[in-house]
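Engineer: What follows is data29.cif, made up of mmCIF, C-alpha atoms:
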```
data_protein
loop_
_atom_site.label_atom_id
_atom_site.label_comp_id
_atom_site.auth_asym_id
_atom_site.auth_seq_id
_atom_site.Cartn_x
_atom_site.Cartn_y
_atom_site.Cartn_z
CA MET A 15 -8.83 -23.84 25.14
CA GLU A 16 -8.07 -27.53 25.29
CA ILE A 17 -6.48 -28.65 28.56
CA PRO A 18 -3.50 -30.85 27.68
CA TYR A 19 -2.87 -34.33 29.07
CA THR A 20 -6.21 -34.93 30.77
CA VAL A 21 -6.27 -38.61 29.83
CA THR A 22 -2.97 -39.41 28.19
CA ALA A 23 0.28 -39.32 30.09
CA ARG A 24 2.67 -36.43 29.61
CA PRO A 25 5.85 -37.97 28.17
CA ASP A 26 8.28 -36.43 30.69
CA THR A 27 6.31 -37.12 33.91
CA GLY A 28 4.61 -40.31 32.76
CA LEU A 29 1.39 -39.01 34.34
CA TRP A 30 -1.70 -37.12 33.21
CA ASN A 31 -1.47 -33.59 34.56
CA ALA A 32 -4.24 -33.53 37.15
CA LYS A 33 -2.59 -36.41 38.98
CA VAL A 34 0.59 -34.38 39.51
CA GLY A 35 -1.53 -31.36 40.39
CA ILE A 36 -3.58 -33.08 43.08
CA TRP A 37 -0.50 -34.59 44.70
CA LEU A 38 1.22 -31.21 44.85
CA PHE A 39 -1.96 -29.83 46.41
CA LEU A 40 -2.11 -32.71 48.91
CA ALA A 41 1.56 -32.05 49.78
CA SER A 42 0.58 -28.50 50.75
CA GLU A 43 -2.40 -29.89 52.69
CA VAL A 44 -0.04 -32.13 54.67
CA MET A 45 1.87 -29.00 55.69
CA LEU A 46 -1.36 -27.20 56.63
CA PHE A 47 -2.65 -29.97 58.88
CA GLY A 48 0.91 -30.76 59.98
CA GLY A 49 1.18 -27.23 61.35
CA LEU A 50 -2.07 -27.61 63.30
CA PHE A 51 -1.16 -31.05 64.63
CA SER A 52 2.28 -29.90 65.74
CA ALA A 53 0.58 -26.98 67.52
CA TYR A 54 -1.70 -29.53 69.18
CA VAL A 55 1.31 -31.59 70.32
CA PHE A 56 3.04 -28.48 71.63
CA LEU A 57 0.00 -27.24 73.57
CA ARG A 58 -0.82 -30.65 74.96
CA LEU A 59 2.72 -31.36 76.17
CA ASP A 60 2.68 -27.98 77.89
CA ALA A 61 -0.71 -28.43 79.60
CA SER A 62 -0.48 -28.92 83.34
CA PRO A 63 -2.03 -32.07 84.84
CA GLY A 64 -5.80 -31.82 84.96
CA ASP A 65 -5.90 -29.08 82.33
CA TRP A 66 -6.48 -31.45 79.42
CA PRO A 67 -10.04 -32.76 79.79
CA HIS A 68 -11.05 -36.30 78.91
CA GLY A 69 -14.38 -37.80 78.06
CA LEU A 70 -16.10 -34.57 77.04
CA LEU A 71 -16.82 -35.69 73.49
CA ASN A 72 -19.41 -38.28 72.53
CA VAL A 73 -17.44 -41.42 71.59
CA PRO A 74 -20.28 -43.48 70.01
CA VAL A 75 -21.16 -40.56 67.73
CA GLY A 76 -17.49 -40.01 66.84
CA THR A 77 -17.08 -43.72 66.11
CA MET A 78 -20.15 -43.69 63.88
CA ASN A 79 -18.84 -40.67 61.97
CA THR A 80 -15.48 -42.42 61.53
CA ALA A 81 -17.23 -45.48 60.06
CA ILE A 82 -19.27 -43.19 57.77
CA LEU A 83 -16.10 -41.55 56.42
CA ILE A 84 -14.44 -44.93 55.87
CA ALA A 85 -17.55 -46.21 54.04
CA SER A 86 -17.48 -43.12 51.81
CA SER A 87 -13.80 -43.71 51.03
CA VAL A 88 -14.71 -47.22 49.87
CA THR A 89 -17.63 -46.05 47.75
CA VAL A 90 -15.68 -43.27 46.05
CA VAL A 91 -13.01 -45.73 44.96
CA LEU A 92 -15.81 -48.08 43.78
CA ALA A 93 -17.34 -45.16 41.84
CA TRP A 94 -14.00 -44.65 40.12
CA ALA A 95 -13.66 -48.38 39.41
CA ALA A 96 -17.20 -48.41 37.93
CA LEU A 97 -16.21 -45.61 35.54
CA LYS A 98 -13.07 -47.47 34.55
CA MET A 99 -15.30 -50.43 33.68
CA ARG A 100 -17.72 -48.04 31.92
CA GLN A 101 -20.61 -48.86 34.24
CA PHE A 102 -22.13 -45.42 34.45
CA ALA A 103 -25.29 -46.43 36.36
CA ARG A 104 -23.16 -47.98 39.08
CA TYR A 105 -20.95 -44.92 39.18
CA LYS A 106 -24.03 -42.79 39.88
CA ILE A 107 -25.09 -45.05 42.76
CA TYR A 108 -21.66 -45.21 44.41
CA MET A 109 -21.03 -41.49 43.99
CA GLY A 110 -24.51 -40.69 45.31
CA PHE A 111 -23.79 -42.81 48.38
CA THR A 112 -20.44 -41.03 48.88
CA ILE A 113 -22.15 -37.63 48.76
CA LEU A 114 -24.79 -38.86 51.21
CA CYS A 115 -22.07 -40.02 53.63
CA GLY A 116 -20.33 -36.64 53.45
CA VAL A 117 -23.61 -34.83 54.11
CA ILE A 118 -24.45 -37.10 57.07
CA PHE A 119 -20.96 -36.53 58.53
CA LEU A 120 -21.41 -32.76 58.33
CA ALA A 121 -24.98 -32.87 59.59
CA VAL A 122 -23.96 -34.85 62.68
CA LYS A 123 -21.15 -32.41 63.33
CA LEU A 124 -23.17 -29.23 62.83
CA SER A 125 -26.59 -30.24 64.12
CA TYR A 126 -25.56 -32.38 67.06
CA GLU A 127 -21.89 -32.46 68.09
CA TRP A 128 -21.02 -28.77 68.02
CA PRO A 129 -24.36 -27.44 69.37
CA ASP A 130 -24.16 -30.01 72.17
CA LYS A 131 -20.85 -28.43 73.20
CA PHE A 132 -22.17 -24.88 72.84
CA SER A 133 -24.91 -25.72 75.35
CA HIS A 134 -22.59 -27.41 77.87
CA PHE A 135 -21.25 -25.27 80.71
CA GLY A 136 -18.01 -25.44 82.62
CA ALA A 137 -16.65 -23.37 85.53
CA LYS A 138 -12.97 -23.54 86.38
CA ILE A 139 -12.59 -23.02 90.14
CA ARG A 140 -9.85 -20.75 91.46
CA GLU A 141 -6.87 -22.58 92.91
CA ASP A 142 -7.47 -21.19 96.44
CA ARG A 143 -11.19 -22.08 96.47
CA LEU A 144 -10.92 -25.71 95.41
CA GLU A 145 -11.44 -26.87 98.99
CA LYS A 146 -14.85 -25.17 99.14
CA TYR A 147 -16.15 -27.27 96.23
CA GLU A 148 -14.55 -30.54 97.31
CA GLU A 149 -17.94 -32.31 97.39
CA PHE A 150 -18.24 -31.75 93.61
CA LEU A 151 -14.57 -32.17 92.70
CA GLY A 152 -13.45 -35.07 94.90
CA ASN A 153 -9.78 -34.12 94.70
CA LYS A 154 -8.90 -36.07 97.84
CA HIS A 155 -10.28 -39.20 96.22
CA ALA A 156 -8.53 -38.31 92.93
CA SER A 157 -5.11 -37.88 94.51
CA GLU A 158 -5.51 -41.13 96.49
CA LYS A 159 -6.26 -42.93 93.25
CA GLY A 160 -3.43 -41.18 91.39
CA LEU A 161 -5.88 -39.40 89.06
CA ALA A 162 -5.30 -35.95 87.58
CA PRO A 163 -6.56 -33.09 89.80
CA ARG A 164 -10.04 -31.75 89.00
CA ARG A 165 -10.51 -28.03 88.77
CA GLU A 166 -13.67 -27.77 86.76
CA ILE A 167 -17.36 -28.21 87.50
CA THR A 168 -19.44 -28.96 84.42
CA GLY A 169 -23.07 -29.46 83.52
CA HIS A 170 -26.16 -27.67 82.30
CA LEU A 171 -26.34 -23.99 83.20
CA HIS A 172 -29.82 -23.07 84.50
CA ASN A 173 -29.35 -19.31 84.74
CA HIS A 174 -27.85 -18.21 81.43
CA GLU A 175 -28.14 -14.56 82.42
CA ALA A 176 -25.31 -15.19 84.90
CA LEU A 177 -22.90 -15.25 81.96
CA HIS A 178 -23.35 -11.56 81.16
CA ASP A 179 -25.28 -9.99 84.05
CA ALA A 180 -22.92 -8.67 86.74
CA SER A 181 -25.75 -8.42 89.29
CA VAL A 182 -26.12 -12.23 89.29
CA HIS A 183 -23.56 -13.57 91.73
CA GLU A 184 -23.70 -17.30 91.16
CA TYR A 185 -24.06 -19.97 88.53
CA GLU A 186 -26.77 -22.59 88.99
CA VAL A 187 -25.52 -25.77 87.40
CA GLN A 188 -27.24 -29.12 86.92
CA LEU A 189 -24.19 -31.30 87.39
CA ASP A 190 -22.61 -33.85 85.11
CA GLN A 191 -22.28 -37.25 86.76
CA VAL A 192 -18.55 -36.76 87.35
CA ASN A 193 -19.23 -33.72 89.58
CA ALA A 194 -22.43 -35.10 91.14
CA ALA A 195 -20.64 -38.19 92.45
CA PRO A 196 -16.92 -37.45 92.14
CA THR A 197 -15.82 -40.24 94.48
CA ASP A 198 -17.87 -42.89 92.66
CA PRO A 199 -15.38 -45.20 90.87
CA GLN A 200 -17.62 -44.72 87.79
CA SER A 201 -16.34 -41.15 87.63
CA ASP A 202 -12.66 -42.12 87.62
CA ARG A 203 -12.50 -42.81 83.90
CA PRO A 204 -14.33 -41.72 80.78
CA HIS A 205 -16.97 -44.11 79.43
CA PHE A 206 -17.86 -45.23 75.95
CA TRP A 207 -21.54 -44.45 76.53
CA PRO A 208 -21.66 -41.01 78.14
CA LEU A 209 -23.12 -41.03 81.66
CA LYS A 210 -26.51 -39.38 82.05
CA ARG A 211 -26.52 -35.92 83.59
CA SER A 212 -27.54 -36.02 87.27
CA GLU A 213 -30.48 -34.18 88.82
CA LYS A 214 -28.17 -32.64 91.40
CA ILE A 215 -27.80 -28.84 91.37
CA ALA A 216 -24.74 -26.88 92.47
CA HIS A 217 -24.51 -23.16 93.16
CA ILE A 218 -21.11 -21.79 92.26
CA GLU A 219 -20.24 -18.29 93.34
CA LYS A 220 -18.79 -16.14 90.59
CA GLU A 221 -15.96 -14.87 92.78
CA ASP A 222 -14.74 -18.46 93.26
CA VAL A 223 -14.43 -18.97 89.55
CA GLU A 224 -11.39 -18.35 87.38
CA LEU A 225 -13.23 -18.83 84.09
CA ALA A 226 -16.79 -19.88 83.31
CA THR A 227 -18.13 -20.24 79.77
CA MET A 228 -20.00 -22.65 77.59
CA PHE A 229 -17.78 -25.17 75.79
CA LEU A 230 -16.62 -22.70 73.15
CA PRO A 231 -13.14 -22.43 71.62
CA LYS A 232 -12.22 -19.86 74.29
CA HIS A 233 -13.15 -22.25 77.12
CA ASN A 234 -9.80 -24.03 77.17
CA THR A 235 -6.92 -25.16 74.96
CA PHE A 236 -8.59 -28.51 74.34
CA PHE A 237 -11.70 -26.92 72.82
CA ALA A 238 -9.65 -24.30 70.96
CA THR A 239 -7.70 -27.03 69.16
CA TYR A 240 -10.77 -29.26 68.81
CA PHE A 241 -12.87 -26.62 67.07
CA THR A 242 -9.98 -25.39 64.91
CA ILE A 243 -8.97 -28.79 63.63
CA THR A 244 -12.44 -30.34 63.28
CA GLY A 245 -13.65 -27.04 61.77
CA LEU A 246 -10.96 -27.04 59.10
CA HIS A 247 -11.56 -30.74 58.54
CA GLY A 248 -15.30 -30.08 58.18
CA LEU A 249 -14.60 -27.41 55.55
CA HIS A 250 -12.61 -30.02 53.64
CA VAL A 251 -15.52 -32.45 53.84
CA LEU A 252 -17.81 -29.70 52.51
CA GLY A 253 -15.35 -28.96 49.68
CA GLY A 254 -15.19 -32.64 48.75
CA VAL A 255 -18.99 -32.96 48.75
CA LEU A 256 -19.33 -29.93 46.43
CA VAL A 257 -16.79 -31.34 43.97
CA PHE A 258 -18.50 -34.75 44.04
CA LEU A 259 -21.87 -33.09 43.43
CA TYR A 260 -20.41 -31.35 40.40
CA LEU A 261 -19.15 -34.67 39.03
CA TRP A 262 -22.44 -36.41 39.83
CA LEU A 263 -24.93 -33.94 38.40
CA PRO A 264 -25.58 -33.52 34.63
CA MET A 265 -22.11 -32.01 34.15
CA GLY A 266 -20.68 -35.44 34.94
CA THR A 267 -23.06 -37.15 32.53
CA ARG A 268 -22.09 -34.77 29.73
CA LEU A 269 -18.39 -35.31 30.33
CA TYR A 270 -18.94 -39.08 30.43
CA ARG A 271 -20.61 -38.97 27.01
CA ARG A 272 -17.80 -36.86 25.61
CA ASN A 273 -14.86 -38.64 27.20
CA PRO A 274 -15.49 -41.26 29.89
CA GLU A 275 -11.81 -41.59 30.75
CA HIS A 276 -11.62 -37.88 31.51
CA LEU A 277 -14.48 -38.21 34.00
CA ALA A 278 -12.81 -41.28 35.54
CA ASN A 279 -9.63 -39.26 36.02
CA ARG A 280 -11.51 -36.35 37.57
CA VAL A 281 -13.22 -38.75 39.97
CA GLU A 282 -9.84 -40.24 40.77
CA VAL A 283 -8.26 -36.91 41.76
CA ALA A 284 -11.36 -35.84 43.72
CA GLY A 285 -11.21 -39.27 45.37
CA LEU A 286 -7.53 -38.76 46.28
CA PHE A 287 -8.54 -35.55 48.06
CA TRP A 288 -11.39 -37.39 49.81
CA HIS A 289 -9.07 -40.18 51.02
CA PHE A 290 -6.74 -37.54 52.40
CA VAL A 291 -9.63 -36.00 54.36
CA ASP A 292 -10.43 -39.50 55.67
CA LEU A 293 -6.77 -39.97 56.58
CA VAL A 294 -6.72 -36.75 58.62
CA TRP A 295 -9.85 -37.90 60.48
CA ILE A 296 -8.12 -41.20 61.34
CA PHE A 297 -5.76 -39.13 63.53
CA VAL A 298 -8.31 -36.57 64.73
CA PHE A 299 -10.69 -39.20 66.12
CA PRO A 300 -8.37 -40.88 68.67
CA LEU A 301 -6.55 -37.66 69.60
CA PHE A 302 -9.69 -35.72 70.51
CA TYR A 303 -12.38 -38.27 71.31
CA LEU A 304 -10.44 -41.05 72.98
CA LEU A 305 -7.24 -39.82 74.60
CA MET B 14 7.58 -50.65 42.10
CA ASP B 15 4.85 -52.21 40.05
CA GLU B 16 4.46 -49.90 37.11
CA SER B 17 1.76 -52.00 35.50
CA HIS B 18 -0.88 -50.56 37.81
CA HIS B 19 -4.42 -50.37 36.52
CA ASP B 20 -4.56 -46.63 36.23
CA THR B 21 -1.57 -46.54 33.97
CA VAL B 22 -3.07 -49.10 31.61
CA ALA B 23 -3.74 -47.47 28.28
CA ILE B 24 -7.44 -47.12 27.62
CA ASP B 25 -8.89 -45.59 24.52
CA PRO B 26 -10.34 -42.41 26.01
CA HIS B 27 -13.29 -42.31 23.67
CA GLY B 28 -14.30 -45.90 23.43
CA ALA B 29 -14.89 -48.89 25.62
CA PRO B 30 -11.93 -50.02 27.73
CA ASP B 31 -10.13 -53.12 26.59
CA ASP B 32 -10.90 -56.36 28.41
CA HIS B 33 -7.54 -56.45 30.12
CA ALA B 34 -8.01 -53.08 31.81
CA THR B 35 -11.58 -53.86 32.87
CA HIS B 36 -10.48 -57.15 34.34
CA ASN B 37 -7.66 -55.40 36.22
CA VAL B 38 -10.04 -52.93 37.86
CA ALA B 39 -12.66 -55.60 38.62
CA LYS B 40 -9.97 -57.58 40.42
CA HIS B 41 -9.33 -54.64 42.73
CA VAL B 42 -12.95 -54.09 43.76
CA ARG B 43 -12.94 -56.95 46.27
CA LYS B 44 -9.68 -55.62 47.71
CA TYR B 45 -11.24 -52.20 48.28
CA LEU B 46 -14.16 -53.75 50.16
CA LEU B 47 -11.78 -55.83 52.26
CA ILE B 48 -9.67 -52.77 53.15
CA GLY B 49 -12.84 -50.89 54.13
CA ALA B 50 -13.81 -53.73 56.46
CA ILE B 51 -10.30 -53.80 57.98
CA LEU B 52 -10.43 -50.04 58.57
CA VAL B 53 -13.79 -50.24 60.36
CA THR B 54 -12.51 -53.17 62.45
CA PHE B 55 -9.41 -51.23 63.45
CA THR B 56 -11.56 -48.25 64.35
CA ALA B 57 -13.39 -50.49 66.81
CA ILE B 58 -10.03 -51.80 68.06
CA THR B 59 -8.79 -48.20 68.58
CA VAL B 60 -11.89 -47.40 70.64
CA TRP B 61 -11.50 -50.58 72.70
CA LEU B 62 -7.76 -50.02 73.29
CA SER B 63 -8.43 -46.49 74.57
CA TYR B 64 -10.28 -48.04 77.53
CA VAL B 65 -7.44 -50.48 78.27
CA ASP B 66 -4.97 -49.14 80.81
CA PHE B 67 -1.43 -49.36 79.43
CA GLY B 68 0.04 -47.82 82.57
CA THR B 69 0.53 -44.24 81.50
CA GLN B 70 -1.39 -41.82 79.32
CA LYS B 71 1.69 -41.59 77.07
CA ALA B 72 1.62 -45.35 76.49
CA ASN B 73 -2.08 -45.21 75.56
CA ILE B 74 -1.44 -42.35 73.12
CA THR B 75 1.48 -44.25 71.56
CA VAL B 76 -0.65 -47.36 71.04
CA ALA B 77 -3.50 -45.33 69.51
CA MET B 78 -1.11 -43.48 67.19
CA LEU B 79 0.46 -46.75 66.04
CA VAL B 80 -2.97 -48.13 65.11
CA ALA B 81 -3.88 -44.82 63.41
CA THR B 82 -0.63 -44.86 61.42
CA PHE B 83 -1.36 -48.42 60.27
CA LYS B 84 -4.86 -47.38 59.16
CA ALA B 85 -3.54 -44.26 57.44
CA GLY B 86 -0.94 -46.44 55.69
CA LEU B 87 -3.69 -48.69 54.32
CA VAL B 88 -5.68 -45.71 53.04
CA ALA B 89 -2.58 -44.24 51.39
CA ALA B 90 -1.29 -47.51 49.92
CA ILE B 91 -4.56 -48.97 48.64
CA PHE B 92 -7.21 -46.28 48.26
CA MET B 93 -4.72 -43.64 47.12
CA HIS B 94 -2.86 -46.19 44.98
CA LEU B 95 0.50 -45.32 46.52
CA SER B 96 1.53 -48.98 46.55
CA SER B 97 2.17 -48.64 42.81
CA GLU B 98 2.58 -45.08 41.66
CA LYS B 99 4.93 -43.25 39.32
CA LYS B 100 8.31 -42.03 40.54
CA LEU B 101 7.41 -38.34 40.38
CA ILE B 102 4.66 -38.77 43.00
CA TYR B 103 7.08 -40.48 45.39
CA ARG B 104 9.56 -37.65 44.85
CA ILE B 105 6.94 -35.06 45.80
CA LEU B 106 6.02 -37.07 48.89
CA ILE B 107 9.63 -37.52 50.02
CA PHE B 108 9.99 -33.74 50.06
CA THR B 109 6.69 -33.42 51.94
CA ALA B 110 7.73 -36.00 54.53
CA PHE B 111 11.04 -34.20 55.02
CA PHE B 112 9.39 -30.83 55.60
CA VAL B 113 6.58 -32.08 57.82
CA LEU B 114 9.06 -33.98 60.00
CA GLY B 115 11.10 -30.77 60.14
CA LEU B 116 7.98 -28.98 61.32
CA PHE B 117 7.40 -31.45 64.14
CA PHE B 118 11.08 -31.23 65.03
CA LEU B 119 10.68 -27.44 65.42
CA THR B 120 7.83 -28.12 67.84
CA TYR B 121 10.13 -30.41 69.77
CA LEU B 122 12.84 -27.72 69.84
CA ALA B 123 10.36 -25.17 71.18
CA TRP B 124 9.38 -27.55 73.96
CA TYR B 125 12.89 -28.69 74.75
CA ASP B 126 14.63 -26.44 77.24
CA PRO B 127 18.36 -27.13 77.74
CA VAL B 128 18.69 -24.56 80.54
CA THR B 129 16.08 -25.66 83.04
CA ARG B 130 15.55 -29.27 82.00
#
```
Let's see the structure in the file written out as structure tokens.

Structural biologist:
Amino acid sequence: MEIPYTVTARPDTGLWNAKVGIWLFLASEVMLFGGLFSAYVFLRLDASPGDWPHGLLNVPVGTMNTAILIASSVTVVLAWAALKMRQFARYKIYMGFTILCGVIFLAVKLSYEWPDKFSHFGAKIREDRLEKYEEFLGNKHASEKGLAPRREITGHLHNHEALHDASVHEYEVQLDQVNAAPTDPQSDRPHFWPLKRSEKIAHIEKEDVELATMFLPKHNTFFATYFTITGLHGLHVLGGVLVFLYLWLPMGTRLYRRNPEHLANRVEVAGLFWHFVDLVWIFVFPLFYLL
Amino acid sequence: MDESHHDTVAIDPHGAPDDHATHNVAKHVRKYLLIGAILVTFTAITVWLSYVDFGTQKANITVAMLVATFKAGLVAAIFMHLSSEKKLIYRILIFTAFFVLGLFFLTYLAWYDPVTR
């Protein structure tokens, strides 16, 4: 069956069909991410002071990934332009680079960023026991400086068995800098380059803790929204990479030989999807990494 | 709107593009590179601004969202060719904008409490 209007415009819409199709799809995507972002706004506005953590994500890595996505957006539009000018060799190079960028983005996310969170521990101290851990929390200092109250002690968990073994009564945590020296002005604000973990160890009794887990979605609302939104975004990156691969491999070459304009149009609609994924990331990056 | 955009230029699907169309696309390549550079620069600016104290957290978020909206606008207008697109696409997007704003308004309603405010 011949698909109609793949290269010529349909008389009533003035557009080739896939163009209308991708925009209708992107409209539904706006609603999908819109729903998640409005949930984020709702949850964040409702969070009590000190319950929305800052500085837990690696900003240099996030910045690098942002630049990688932007670079891939440029190269995919250059790949399309190369096809329009019938420069197939150039198309292959630009599209190859775009695929590489998408793969690097996902690799950073899955091999470094997420696992780094899964191996980071946090214990939320019960309201009535905060005093006991003042040396790690520095709430007196925080309230003097007008900073949000601190209720959590974070770092590297030495005794993992404490998470599931009821006979272990305390967590042994190698503290993050913010809890090792909470009154140090360095700890007042997040830093671009993450501070090195201290050598200091804290013993936190289980009965003083409201909730203690690794940085998983269940840890707090911040991580729940972070993993949901970056997870869905990551799936979109994966989807884009797969479509680009399809257009880059021999299938693309065959289509180019048969009808170069058809391939150019396919690259254009796949590119529109890719730019949308980039556009979502433009909002995700500041909302989760910076603010 | 400029309806003479490059992607609406008629090109013989089976043959080489005409010189006019090729020239039109070639002209845009430099623009795409420039926009890419602007986007990376504004990413750096966003990061820098997040460490500047604008008084309140809300002010910092507002500034960051303004920069993000500007960047998103560039991506949509230039990379996604929305600066010169056919009417039908704009119609679809007007509906989308209406519904997504409605969605955020619902969030606001859920948060807004007239009884205990």

Engineer: For the file shown, what are the residues hit by the PyMOL selection byres ((chain B) within 7 of (chain A)), laid out as a ChimeraX atom specification?

Structural biologist: /B:26-27,29-30,35,38,42,45-46,49,53,60,63,74,77,81,85,88,92-93,101-102,105-106,109,113,117,120,124

Engineer: For atom CA of Leu256 of chain A and atom CA of Pro18 of chain A, determine how far apart the two atoms are, in Å to one decimal place.

Structural biologist: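 Taking atom CA of Leu256 of chain A and atom CA of Pro18 of chain A, their separation equals 24.6 Å.
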
Engineer: Could you spell out the hits of the PyMOL selection byres ((chain A and resi 139-146) around 9) on the shown file, as number ranges by chain?

Structural biologist: A: 137-138, 147-149, 151, 153, 164-167, 218, 221-226

Engineer: Could you state which residues are captured by the PyMOL selection byres ((chain A and resi 229) around 6) in this file, as a list in words?

Structural biologist: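 Output from the PyMOL selection byres ((chain A and resi 229) around 6), applied to this file: Lys131, Phe132, His134, Met228, Leu230 and His233 of chain A.
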
Engineer: Between atom CA of Leu52 of chain B and atom CA of Phe83 of chain B, measure the distance and give it in Å to one decimal.

Structural biologist: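 Value for the atom CA of Leu52 of chain B-atom CA of Phe83 of chain B distance: 9.4 Å.
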
Engineer: Find, counting all atoms listed in the file, the residue in A:Val182, A:Leu124, A:Pro231, A:Pro199 that gets nearest to Glu219 of chain A.

Structural biologist: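 Distance minimum relative to Glu219 of chain A lands on A:Val182.
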
Engineer: Please determine, counting only C-alpha atoms, which residue among A:Gln191, A:Thr235, A:Ser181, A:Asn79 has the shortest atom-to-atom distance to Thr56 of chain B.

Structural biologist: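 Using only C-alpha atoms, the shortest distance to Thr56 of chain B belongs to A:Asn79.
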
Engineer: Would you work out the distance separating atom CA of Phe118 of chain B from atom CA of Val65 of chain B, expressed in Å to one decimal?

Structural biologist: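 Computing the Euclidean distance for atom CA of Phe118 of chain B and atom CA of Val65 of chain B yields 29.8 Å.
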